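Peer 1: My structure file work_11.cif, mmCIF, C-alpha atoms and all ligand atoms; chains and numbers go by the auth columns, is below:
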data_upload
loop_
_atom_site.group_PDB
_atom_site.id
_atom_site.type_symbol
_atom_site.label_atom_id
_atom_site.label_comp_id
_atom_site.label_asym_id
_atom_site.label_seq_id
_atom_site.Cartn_x
_atom_site.Cartn_y
_atom_site.Cartn_z
_atom_site.B_iso_or_equiv
_atom_site.auth_seq_id
_atom_site.auth_asym_id
ATOM 1 C CA MET A 1 136.292 99.599 -58.354 0.00 1 A
ATOM 2 C CA ALA A 2 138.570 100.533 -61.257 0.00 2 A
ATOM 3 C CA ALA A 3 140.737 97.776 -62.740 0.00 3 A
ATOM 4 C CA ASN A 4 144.002 99.365 -61.617 0.00 4 A
ATOM 5 C CA ALA A 5 142.803 99.472 -57.964 0.00 5 A
ATOM 6 C CA GLN A 6 141.875 95.783 -58.194 0.00 6 A
ATOM 7 C CA ASP A 7 145.274 95.059 -59.674 0.00 7 A
ATOM 8 C CA THR A 8 147.031 96.931 -56.814 0.00 8 A
ATOM 9 C CA LEU A 9 145.003 94.986 -54.236 0.00 9 A
ATOM 10 C CA GLN A 10 145.902 91.689 -55.888 0.00 10 A
ATOM 11 C CA ARG A 11 149.592 92.584 -56.073 0.00 11 A
ATOM 12 C CA GLY A 12 149.340 93.710 -52.429 0.00 12 A
ATOM 13 C CA SER A 13 147.950 90.372 -51.323 0.00 13 A
ATOM 14 C CA ALA A 14 150.931 88.667 -52.978 0.00 14 A
ATOM 15 C CA ALA A 15 153.602 91.099 -51.744 0.00 15 A
ATOM 16 C CA LEU A 16 152.425 92.207 -48.286 0.00 16 A
ATOM 17 C CA MET A 17 152.266 90.140 -45.088 0.00 17 A
ATOM 18 C CA ASN A 18 148.654 89.432 -44.199 0.00 18 A
ATOM 19 C CA THR A 19 148.901 90.823 -40.652 0.00 19 A
ATOM 20 C CA PHE A 20 145.545 92.611 -41.029 0.00 20 A
ATOM 21 C CA PRO A 21 142.798 91.883 -43.562 0.00 21 A
ATOM 22 C CA PRO A 22 143.065 94.641 -46.210 0.00 22 A
ATOM 23 C CA GLN A 23 140.263 97.154 -46.781 0.00 23 A
ATOM 24 C CA ASN A 24 138.686 96.897 -50.215 0.00 24 A
ATOM 25 C CA MET A 25 140.184 100.128 -51.579 0.00 25 A
ATOM 26 C CA VAL A 26 143.565 101.642 -52.419 0.00 26 A
ATOM 27 C CA LEU A 27 144.417 104.824 -50.539 0.00 27 A
ATOM 28 C CA ASP A 28 145.786 107.582 -52.701 0.00 28 A
ATOM 29 C CA HIS A 29 146.125 110.783 -50.681 0.00 29 A
ATOM 30 C CA GLY A 30 144.783 112.724 -47.747 0.00 30 A
ATOM 31 C CA LYS A 31 144.081 116.310 -46.791 0.00 31 A
ATOM 32 C CA GLY A 32 143.303 117.292 -43.216 0.00 32 A
ATOM 33 C CA CYS A 33 140.906 114.723 -41.798 0.00 33 A
ATOM 34 C CA LYS A 34 139.834 113.433 -45.236 0.00 34 A
ATOM 35 C CA LEU A 35 141.345 110.539 -47.204 0.00 35 A
ATOM 36 C CA TYR A 36 140.783 109.712 -50.868 0.00 36 A
ATOM 37 C CA ASP A 37 141.167 106.411 -52.699 0.00 37 A
ATOM 38 C CA THR A 38 142.454 105.877 -56.214 0.00 38 A
ATOM 39 C CA ASP A 39 138.850 105.852 -57.470 0.00 39 A
ATOM 40 C CA GLY A 40 138.320 109.345 -56.041 0.00 40 A
ATOM 41 C CA ARG A 41 136.091 108.232 -53.142 0.00 41 A
ATOM 42 C CA GLU A 42 136.341 110.379 -50.011 0.00 42 A
ATOM 43 C CA TYR A 43 136.635 108.998 -46.467 0.00 43 A
ATOM 44 C CA LEU A 44 136.610 110.697 -43.076 0.00 44 A
ATOM 45 C CA ASP A 45 139.677 109.652 -41.084 0.00 45 A
ATOM 46 C CA PHE A 46 137.892 109.978 -37.774 0.00 46 A
ATOM 47 C CA ALA A 47 140.719 108.100 -35.994 0.00 47 A
ATOM 48 C CA ALA A 48 143.385 110.612 -37.157 0.00 48 A
ATOM 49 C CA GLY A 49 145.703 107.902 -38.498 0.00 49 A
ATOM 50 C CA ILE A 50 145.096 105.850 -35.340 0.00 50 A
ATOM 51 C CA ALA A 51 145.929 108.866 -33.184 0.00 51 A
ATOM 52 C CA VAL A 52 149.198 109.865 -34.819 0.00 52 A
ATOM 53 C CA VAL A 53 148.047 112.378 -37.434 0.00 53 A
ATOM 54 C CA ALA A 54 146.768 114.962 -34.983 0.00 54 A
ATOM 55 C CA LEU A 55 147.747 117.763 -37.396 0.00 55 A
ATOM 56 C CA GLY A 56 145.895 116.157 -40.302 0.00 56 A
ATOM 57 C CA HIS A 57 147.112 114.525 -43.498 0.00 57 A
ATOM 58 C CA ALA A 58 149.474 116.579 -45.680 0.00 58 A
ATOM 59 C CA ASN A 59 149.530 119.439 -43.197 0.00 59 A
ATOM 60 C CA PRO A 60 151.432 122.191 -45.077 0.00 60 A
ATOM 61 C CA ILE A 61 153.216 123.528 -41.977 0.00 61 A
ATOM 62 C CA LEU A 62 154.448 120.051 -41.065 0.00 62 A
ATOM 63 C CA LEU A 63 155.449 119.302 -44.671 0.00 63 A
ATOM 64 C CA ASN A 64 157.432 122.540 -44.892 0.00 64 A
ATOM 65 C CA ALA A 65 159.209 121.867 -41.599 0.00 65 A
ATOM 66 C CA LEU A 66 160.122 118.334 -42.754 0.00 66 A
ATOM 67 C CA LYS A 67 161.355 119.604 -46.114 0.00 67 A
ATOM 68 C CA GLU A 68 163.386 122.440 -44.591 0.00 68 A
ATOM 69 C CA GLN A 69 165.046 120.083 -42.098 0.00 69 A
ATOM 70 C CA ALA A 70 165.691 117.297 -44.633 0.00 70 A
ATOM 71 C CA GLU A 71 167.333 119.812 -46.929 0.00 71 A
ATOM 72 C CA LYS A 72 169.684 120.865 -44.114 0.00 72 A
ATOM 73 C CA VAL A 73 170.528 117.711 -42.119 0.00 73 A
ATOM 74 C CA THR A 74 168.554 114.601 -43.097 0.00 74 A
ATOM 75 C CA MET A 75 169.732 112.422 -40.228 0.00 75 A
ATOM 76 C CA SER A 76 171.534 113.109 -36.977 0.00 76 A
ATOM 77 C CA VAL A 77 172.548 110.624 -34.284 0.00 77 A
ATOM 78 C CA ALA A 78 172.194 111.149 -30.521 0.00 78 A
ATOM 79 C CA SER A 79 175.710 112.540 -30.237 0.00 79 A
ATOM 80 C CA HIS A 80 174.986 115.311 -32.772 0.00 80 A
ATOM 81 C CA VAL A 81 173.431 118.460 -31.406 0.00 81 A
ATOM 82 C CA THR A 82 171.454 120.553 -33.864 0.00 82 A
ATOM 83 C CA GLN A 83 169.600 123.771 -33.209 0.00 83 A
ATOM 84 C CA ALA A 84 166.301 122.193 -34.267 0.00 84 A
ATOM 85 C CA LYS A 85 166.817 119.275 -31.904 0.00 85 A
ATOM 86 C CA VAL A 86 167.452 121.567 -28.938 0.00 86 A
ATOM 87 C CA GLU A 87 164.435 123.732 -29.828 0.00 87 A
ATOM 88 C CA ALA A 88 162.171 120.669 -30.109 0.00 88 A
ATOM 89 C CA ALA A 89 163.432 119.390 -26.739 0.00 89 A
ATOM 90 C CA GLU A 90 162.794 122.784 -25.161 0.00 90 A
ATOM 91 C CA ILE A 91 159.211 122.823 -26.463 0.00 91 A
ATOM 92 C CA LEU A 92 158.696 119.501 -24.686 0.00 92 A
ATOM 93 C CA THR A 93 160.377 120.472 -21.450 0.00 93 A
ATOM 94 C CA LYS A 94 159.698 124.158 -20.821 0.00 94 A
ATOM 95 C CA GLY A 95 157.076 124.437 -18.114 0.00 95 A
ATOM 96 C CA ARG A 96 155.979 120.866 -18.726 0.00 96 A
ATOM 97 C CA VAL A 97 156.147 117.695 -16.668 0.00 97 A
ATOM 98 C CA CYS A 98 159.562 116.486 -17.850 0.00 98 A
ATOM 99 C CA ASP A 99 162.944 118.120 -17.669 0.00 99 A
ATOM 100 C CA LYS A 100 164.908 116.135 -20.254 0.00 100 A
ATOM 101 C CA THR A 101 164.094 114.691 -23.663 0.00 101 A
ATOM 102 C CA PHE A 102 165.324 111.523 -25.354 0.00 102 A
ATOM 103 C CA PHE A 103 164.237 111.349 -29.000 0.00 103 A
ATOM 104 C CA THR A 104 163.357 108.001 -30.537 0.00 104 A
ATOM 105 C CA ASN A 105 161.874 106.845 -33.844 0.00 105 A
ATOM 106 C CA SER A 106 158.702 105.326 -32.428 0.00 106 A
ATOM 107 C CA GLY A 107 156.575 104.951 -29.344 0.00 107 A
ATOM 108 C CA THR A 108 157.842 101.418 -28.943 0.00 108 A
ATOM 109 C CA GLU A 109 161.426 102.625 -28.757 0.00 109 A
ATOM 110 C CA ALA A 110 160.414 105.303 -26.266 0.00 110 A
ATOM 111 C CA MET A 111 159.017 102.536 -24.073 0.00 111 A
ATOM 112 C CA GLU A 112 162.192 100.465 -24.473 0.00 112 A
ATOM 113 C CA GLY A 113 164.193 103.521 -23.402 0.00 113 A
ATOM 114 C CA ALA A 114 161.940 104.067 -20.379 0.00 114 A
ATOM 115 C CA LEU A 115 162.206 100.420 -19.276 0.00 115 A
ATOM 116 C CA LYS A 116 165.990 100.447 -19.647 0.00 116 A
ATOM 117 C CA LEU A 117 166.296 103.744 -17.796 0.00 117 A
ATOM 118 C CA ALA A 118 164.158 102.405 -14.933 0.00 118 A
ATOM 119 C CA ARG A 119 166.268 99.250 -14.651 0.00 119 A
ATOM 120 C CA ALA A 120 169.511 101.222 -14.816 0.00 120 A
ATOM 121 C CA TRP A 121 168.296 103.496 -11.996 0.00 121 A
ATOM 122 C CA ALA A 122 167.165 100.537 -9.876 0.00 122 A
ATOM 123 C CA HIS A 123 170.459 98.725 -10.523 0.00 123 A
ATOM 124 C CA GLU A 124 172.395 101.685 -9.171 0.00 124 A
ATOM 125 C CA HIS A 125 170.109 102.796 -6.355 0.00 125 A
ATOM 126 C CA ARG A 126 168.231 99.724 -5.147 0.00 126 A
ATOM 127 C CA GLY A 127 169.987 96.486 -6.055 0.00 127 A
ATOM 128 C CA HIS A 128 171.082 94.341 -8.961 0.00 128 A
ATOM 129 C CA ASP A 129 168.026 92.089 -8.843 0.00 129 A
ATOM 130 C CA VAL A 130 165.367 94.836 -8.854 0.00 130 A
ATOM 131 C CA LYS A 131 164.063 94.185 -12.359 0.00 131 A
ATOM 132 C CA ASP A 132 160.311 93.576 -12.235 0.00 132 A
ATOM 133 C CA PHE A 133 157.622 95.644 -13.920 0.00 133 A
ATOM 134 C CA ILE A 134 153.984 96.156 -13.080 0.00 134 A
ATOM 135 C CA ALA A 135 151.756 97.129 -15.998 0.00 135 A
ATOM 136 C CA PHE A 136 147.981 96.988 -16.438 0.00 136 A
ATOM 137 C CA ARG A 137 145.305 94.847 -17.949 0.00 137 A
ATOM 138 C CA ASN A 138 144.189 96.162 -21.367 0.00 138 A
ATOM 139 C CA SER A 139 147.488 98.023 -21.734 0.00 139 A
ATOM 140 C CA PHE A 140 149.299 98.597 -24.998 0.00 140 A
ATOM 141 C CA HIS A 141 152.914 99.757 -25.100 0.00 141 A
ATOM 142 C CA GLY A 142 154.227 98.668 -28.498 0.00 142 A
ATOM 143 C CA ARG A 143 155.469 95.725 -30.501 0.00 143 A
ATOM 144 C CA SER A 144 159.089 95.137 -29.551 0.00 144 A
ATOM 145 C CA TYR A 145 159.876 92.445 -26.988 0.00 145 A
ATOM 146 C CA GLY A 146 160.220 94.778 -23.994 0.00 146 A
ATOM 147 C CA ALA A 147 157.121 96.772 -24.905 0.00 147 A
ATOM 148 C CA ILE A 148 155.016 93.717 -25.678 0.00 148 A
ATOM 149 C CA SER A 149 156.117 92.050 -22.442 0.00 149 A
ATOM 150 C CA ILE A 150 154.312 94.815 -20.535 0.00 150 A
ATOM 151 C CA THR A 151 151.317 94.666 -22.887 0.00 151 A
ATOM 152 C CA GLU A 152 148.602 92.413 -21.531 0.00 152 A
ATOM 153 C CA LYS A 153 147.970 90.747 -24.889 0.00 153 A
ATOM 154 C CA SER A 154 151.297 88.919 -24.518 0.00 154 A
ATOM 155 C CA LEU A 155 149.540 86.660 -21.988 0.00 155 A
ATOM 156 C CA SER A 156 147.328 85.283 -24.769 0.00 156 A
ATOM 157 C CA GLN A 157 150.108 85.071 -27.376 0.00 157 A
ATOM 158 C CA PRO A 158 152.446 82.301 -26.181 0.00 158 A
ATOM 159 C CA GLN A 159 153.630 81.732 -29.759 0.00 159 A
ATOM 160 C CA PHE A 160 155.928 84.800 -29.480 0.00 160 A
ATOM 161 C CA GLY A 161 157.374 83.894 -26.063 0.00 161 A
ATOM 162 C CA PRO A 162 159.461 83.848 -24.016 0.00 162 A
ATOM 163 C CA TYR A 163 158.821 87.475 -23.074 0.00 163 A
ATOM 164 C CA LEU A 164 160.723 89.509 -20.472 0.00 164 A
ATOM 165 C CA PRO A 165 160.409 87.734 -17.132 0.00 165 A
ATOM 166 C CA GLY A 166 159.023 89.603 -14.118 0.00 166 A
ATOM 167 C CA CYS A 167 156.165 91.464 -15.840 0.00 167 A
ATOM 168 C CA HIS A 168 152.928 91.558 -13.852 0.00 168 A
ATOM 169 C CA PHE A 169 149.509 92.989 -14.662 0.00 169 A
ATOM 170 C CA ALA A 170 147.325 94.862 -12.207 0.00 170 A
ATOM 171 C CA GLN A 171 143.760 96.042 -12.698 0.00 171 A
ATOM 172 C CA PHE A 172 143.553 99.527 -14.222 0.00 172 A
ATOM 173 C CA ASN A 173 142.126 102.115 -11.774 0.00 173 A
ATOM 174 C CA ASP A 174 142.476 99.683 -8.863 0.00 174 A
ATOM 175 C CA LEU A 175 145.263 100.704 -6.506 0.00 175 A
ATOM 176 C CA ASP A 176 144.799 97.690 -4.231 0.00 176 A
ATOM 177 C CA SER A 177 145.479 95.345 -7.140 0.00 177 A
ATOM 178 C CA VAL A 178 148.769 97.199 -7.684 0.00 178 A
ATOM 179 C CA ARG A 179 149.723 97.053 -3.995 0.00 179 A
ATOM 180 C CA LYS A 180 149.199 93.282 -4.032 0.00 180 A
ATOM 181 C CA LEU A 181 151.760 92.885 -6.842 0.00 181 A
ATOM 182 C CA VAL A 182 154.469 95.149 -5.391 0.00 182 A
ATOM 183 C CA THR A 183 157.504 93.292 -4.039 0.00 183 A
ATOM 184 C CA ASP A 184 161.058 94.332 -3.190 0.00 184 A
ATOM 185 C CA LYS A 185 161.931 93.386 -6.805 0.00 185 A
ATOM 186 C CA THR A 186 159.514 95.918 -8.348 0.00 186 A
ATOM 187 C CA CYS A 187 161.530 98.314 -10.439 0.00 187 A
ATOM 188 C CA ALA A 188 158.828 100.290 -12.272 0.00 188 A
ATOM 189 C CA ILE A 189 155.092 100.711 -12.729 0.00 189 A
ATOM 190 C CA ILE A 190 153.980 101.598 -16.259 0.00 190 A
ATOM 191 C CA VAL A 191 150.634 103.230 -16.878 0.00 191 A
ATOM 192 C CA GLU A 192 148.803 104.953 -19.728 0.00 192 A
ATOM 193 C CA PRO A 193 146.952 107.946 -18.183 0.00 193 A
ATOM 194 C CA VAL A 194 144.306 107.243 -20.827 0.00 194 A
ATOM 195 C CA GLN A 195 144.427 103.657 -22.082 0.00 195 A
ATOM 196 C CA GLY A 196 144.346 103.929 -25.871 0.00 196 A
ATOM 197 C CA GLU A 197 144.208 100.557 -27.613 0.00 197 A
ATOM 198 C CA GLY A 198 142.468 99.194 -24.518 0.00 198 A
ATOM 199 C CA GLY A 199 139.382 101.301 -25.293 0.00 199 A
ATOM 200 C CA ILE A 200 140.016 105.010 -24.490 0.00 200 A
ATOM 201 C CA THR A 201 139.711 104.500 -20.749 0.00 201 A
ATOM 202 C CA PRO A 202 140.879 107.447 -18.624 0.00 202 A
ATOM 203 C CA ALA A 203 142.678 106.805 -15.368 0.00 203 A
ATOM 204 C CA ASP A 204 140.976 108.187 -12.307 0.00 204 A
ATOM 205 C CA PRO A 205 143.100 111.168 -11.068 0.00 205 A
ATOM 206 C CA GLU A 206 143.001 109.709 -7.527 0.00 206 A
ATOM 207 C CA PHE A 207 144.355 106.420 -8.892 0.00 207 A
ATOM 208 C CA LEU A 208 147.288 108.229 -10.535 0.00 208 A
ATOM 209 C CA LYS A 209 147.964 110.190 -7.337 0.00 209 A
ATOM 210 C CA GLY A 210 147.872 106.896 -5.439 0.00 210 A
ATOM 211 C CA LEU A 211 150.407 105.376 -7.838 0.00 211 A
ATOM 212 C CA ARG A 212 152.655 108.423 -7.412 0.00 212 A
ATOM 213 C CA ALA A 213 152.532 108.138 -3.609 0.00 213 A
ATOM 214 C CA LEU A 214 153.111 104.353 -3.700 0.00 214 A
ATOM 215 C CA CYS A 215 156.101 104.744 -6.013 0.00 215 A
ATOM 216 C CA ASP A 216 157.603 107.578 -3.934 0.00 216 A
ATOM 217 C CA LYS A 217 157.251 105.492 -0.782 0.00 217 A
ATOM 218 C CA GLN A 218 158.749 102.307 -2.256 0.00 218 A
ATOM 219 C CA LYS A 219 161.374 103.946 -4.525 0.00 219 A
ATOM 220 C CA ILE A 220 159.688 102.568 -7.625 0.00 220 A
ATOM 221 C CA ILE A 221 159.944 104.380 -10.955 0.00 221 A
ATOM 222 C CA LEU A 222 156.570 105.508 -12.301 0.00 222 A
ATOM 223 C CA ILE A 223 156.413 105.560 -16.114 0.00 223 A
ATOM 224 C CA PHE A 224 153.594 107.381 -17.872 0.00 224 A
ATOM 225 C CA ASP A 225 153.136 106.152 -21.425 0.00 225 A
ATOM 226 C CA GLU A 226 151.542 109.098 -23.213 0.00 226 A
ATOM 227 C CA ILE A 227 152.407 107.939 -26.709 0.00 227 A
ATOM 228 C CA GLN A 228 148.743 107.970 -27.600 0.00 228 A
ATOM 229 C CA CYS A 229 147.187 110.432 -25.143 0.00 229 A
ATOM 230 C CA GLY A 230 149.988 113.032 -25.100 0.00 230 A
ATOM 231 C CA MET A 231 151.112 115.601 -27.678 0.00 231 A
ATOM 232 C CA GLY A 232 148.020 117.760 -27.318 0.00 232 A
ATOM 233 C CA ARG A 233 145.398 115.101 -27.906 0.00 233 A
ATOM 234 C CA THR A 234 143.531 115.837 -24.680 0.00 234 A
ATOM 235 C CA GLY A 235 143.672 119.610 -25.197 0.00 235 A
ATOM 236 C CA HIS A 236 146.829 119.845 -23.062 0.00 236 A
ATOM 237 C CA PHE A 237 150.337 119.064 -24.174 0.00 237 A
ATOM 238 C CA PHE A 238 150.582 116.084 -21.878 0.00 238 A
ATOM 239 C CA CYS A 239 147.575 114.279 -20.552 0.00 239 A
ATOM 240 C CA ILE A 240 148.146 115.112 -16.891 0.00 240 A
HETATM 241 C C1 LIG B . 150.138 103.837 -25.411 0.00 301 A
HETATM 242 C C2 LIG B . 151.025 103.427 -26.541 0.00 301 A
HETATM 243 N N1 LIG B . 152.319 103.168 -26.278 0.00 301 A
HETATM 244 C C3 LIG B . 153.177 102.806 -27.265 0.00 301 A
HETATM 245 C C4 LIG B . 152.746 102.679 -28.574 0.00 301 A
HETATM 246 C C5 LIG B . 153.716 102.252 -29.638 0.00 301 A
HETATM 247 O O1 LIG B . 153.985 103.313 -30.471 0.00 301 A
HETATM 248 P P1 LIG B . 154.555 103.064 -31.961 0.00 301 A
HETATM 249 O O2 LIG B . 153.438 102.460 -32.748 0.00 301 A
HETATM 250 O O3 LIG B . 154.947 104.442 -32.429 0.00 301 A
HETATM 251 O O4 LIG B . 155.733 102.177 -31.831 0.00 301 A
HETATM 252 C C6 LIG B . 151.411 102.950 -28.890 0.00 301 A
HETATM 253 C C7 LIG B . 150.927 102.829 -30.275 0.00 301 A
HETATM 254 O O5 LIG B . 149.747 102.904 -30.578 0.00 301 A
HETATM 255 C C8 LIG B . 150.520 103.327 -27.856 0.00 301 A
HETATM 256 O O6 LIG B . 149.221 103.563 -28.088 0.00 301 A
#
Write the structure described by the file as structure tokens, please.
Ligand SMILES: Cc1ncc(COP(=O)(O)O)c(C=O)c1O

Peer 2:
Amino acid sequence: MAANAQDTLQRGSAALMNTFPPQNMVLDHGKGCKLYDTDGREYLDFAAGIAVVALGHANPILLNALKEQAEKVTMSVASHVTQAKVEAAEILTKGRVCDKTFFTNSGTEAMEGALKLARAWAHEHRGHDVKDFIAFRNSFHGRSYGAISITEKSLSQPQFGPYLPGCHFAQFNDLDSVRKLVTDKTCAIIVEPVQGEGGITPADPEFLKGLRALCDKQKIILIFDEIQCGMGRTGHFFCI
């Protein structure tokens, strides 16, 4: 390894939090599914940036779109309508499974929005104490407090607690285990149609249909977290 890469790694170990052990190389650039380090070594990014670089590194169409937009309006808040925002929302909604879009900066924030929306709906339509969530073992929904509270790992990480109260974990692909956890306080059930971090485990279609029927019957909100399995990664826009 060249001296300047070693130097960058050393400076990194002093300046960066050691949340994950660093790889022994310094990434320089990427193109498509390939990455290159500062010593010119080539790597295959077979995980597509942990499932978020579906279009490849340095995709020219994406780069152009980002540049064009940043040159026009670099930031717009929820109360600002722009043509690009409406067009992006329409791509997501037209003929798809959802009819409205709420843009966020991350998957975690999308989950926070979904949890809040579910509670707001339950507050208005079912009662002020209908707050509980049912999520699944091996789930992953993000790193903020709401999202981590419905992520099973929180159960083995008491050092970050207290988490949101009223979060329960059923067995993935096991409808009976969900039924056993449902109470009159259950506000929403949150499921990944394909569990990502949990090990790329697809939900059985009958299981998802069962969840839909259970939620319809009990007036429970059903949240599909497709942060990892949506956006075309299964060959369809959304996973289902
Ligand atoms: C299913 C799922 N939900 C939510 C998230 C959180 O998304 P982000 O990392 O963009 O906050 C992830 C991230 O991997 C995810 O896989």

Peer 1: Taking all atoms listed in the file into account, which residues are within 8 Å of ligand LIG 301 (chain A), as an MDAnalysis selection string?

Peer 2: chainID A and resid 50:51 105:111 139:143 147 192 195:197 225:229

Peer 1: I'd like the box whose edges run along x, y and z of the file and which contains every listed atom of stretch 136-146 of chain A, padded by 6 Å per side; could you state its centre and edge lengths in Å, one decimal, as lines of an AutoDock Vina configuration file?

Peer 2:
center_x = 152.2
center_y = 96.1
center_z = -23.5
size_x = 28.0
size_y = 19.3
size_z = 26.1

Peer 1: For atom CA of A:Arg179 and atom CA of A:Ile134, determine how far apart the two atoms are, in Å to one decimal place.

Peer 2: 10.1 Å

Peer 1: Counting all atoms listed in the file, which residue out of A:Ala15, A:Pro165, A:Arg41, A:Arg96 sits closest to A:Cys239?

Peer 2: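 Once distances to A:Cys239 are computed over all atoms listed in the file, the minimum belongs to A:Arg96.
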
Peer 1: Go ahead and compute the interatomic distance for atom CA of A:Ile148 and atom CA of A:Leu164, in Å to one decimal.

Peer 2: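 Result for atom CA of A:Ile148 versus atom CA of A:Leu164: 8.8 Å, one decimal.
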
Peer 1: Report as a ChimeraX atom specification the full result of the PyMOL selection byres (((chain A and resi 85-88) around 12) and not hetatm) when it is applied to this structure.

Peer 2: /A:65,69,73,75-84,89-94,100-104

Peer 1: Could you dump the residues just selected with C-alpha atoms as a compact mmCIF listing (two decimals), in the frame of the given file?

Peer 2:
# COMPACT_ATOMS: atom_id res chain seq x y z
CA ALA A 65 159.21 121.87 -41.60
CA GLN A 69 165.05 120.08 -42.10
CA VAL A 73 170.53 117.71 -42.12
CA MET A 75 169.73 112.42 -40.23
CA SER A 76 171.53 113.11 -36.98
CA VAL A 77 172.55 110.62 -34.28
CA ALA A 78 172.19 111.15 -30.52
CA SER A 79 175.71 112.54 -30.24
CA HIS A 80 174.99 115.31 -32.77
CA VAL A 81 173.43 118.46 -31.41
CA THR A 82 171.45 120.55 -33.86
CA GLN A 83 169.60 123.77 -33.21
CA ALA A 84 166.30 122.19 -34.27
CA ALA A 89 163.43 119.39 -26.74
CA GLU A 90 162.79 122.78 -25.16
CA ILE A 91 159.21 122.82 -26.46
CA LEU A 92 158.70 119.50 -24.69
CA THR A 93 160.38 120.47 -21.45
CA LYS A 94 159.70 124.16 -20.82
CA LYS A 100 164.91 116.14 -20.25
CA THR A 101 164.09 114.69 -23.66
CA PHE A 102 165.32 111.52 -25.35
CA PHE A 103 164.24 111.35 -29.00
CA THR A 104 163.36 108.00 -30.54

Peer 1: Using the chain letters and numbers from the file, give me the residues hit by the PyMOL selection byres (((chain A and resi 181) around 10) and not hetatm), as a PyMOL selection string.

Peer 2: chain A and resi 133-134+168-170+176-180+182-183+186

Peer 1: Save out the residues we just selected, C-alpha atoms, as a PDB file, in the coordinates of the input.

Peer 2:
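Listing of selection36.pdb after writing:
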ATOM      1  CA  PHE A 133     157.622  95.644 -13.920  1.00  0.00           C
ATOM      2  CA  ILE A 134     153.984  96.156 -13.080  1.00  0.00           C
ATOM      3  CA  HIS A 168     152.928  91.558 -13.852  1.00  0.00           C
ATOM      4  CA  PHE A 169     149.509  92.989 -14.662  1.00  0.00           C
ATOM      5  CA  ALA A 170     147.325  94.862 -12.207  1.00  0.00           C
ATOM      6  CA  ASP A 176     144.799  97.690  -4.231  1.00  0.00           C
ATOM      7  CA  SER A 177     145.479  95.345  -7.140  1.00  0.00           C
ATOM      8  CA  VAL A 178     148.769  97.199  -7.684  1.00  0.00           C
ATOM      9  CA  ARG A 179     149.723  97.053  -3.995  1.00  0.00           C
ATOM     10  CA  LYS A 180     149.199  93.282  -4.032  1.00  0.00           C
ATOM     11  CA  VAL A 182     154.469  95.149  -5.391  1.00  0.00           C
ATOM     12  CA  THR A 183     157.504  93.292  -4.039  1.00  0.00           C
ATOM     13  CA  THR A 186     159.514  95.918  -8.348  1.00  0.00           C
TER      14      THR A 186
END
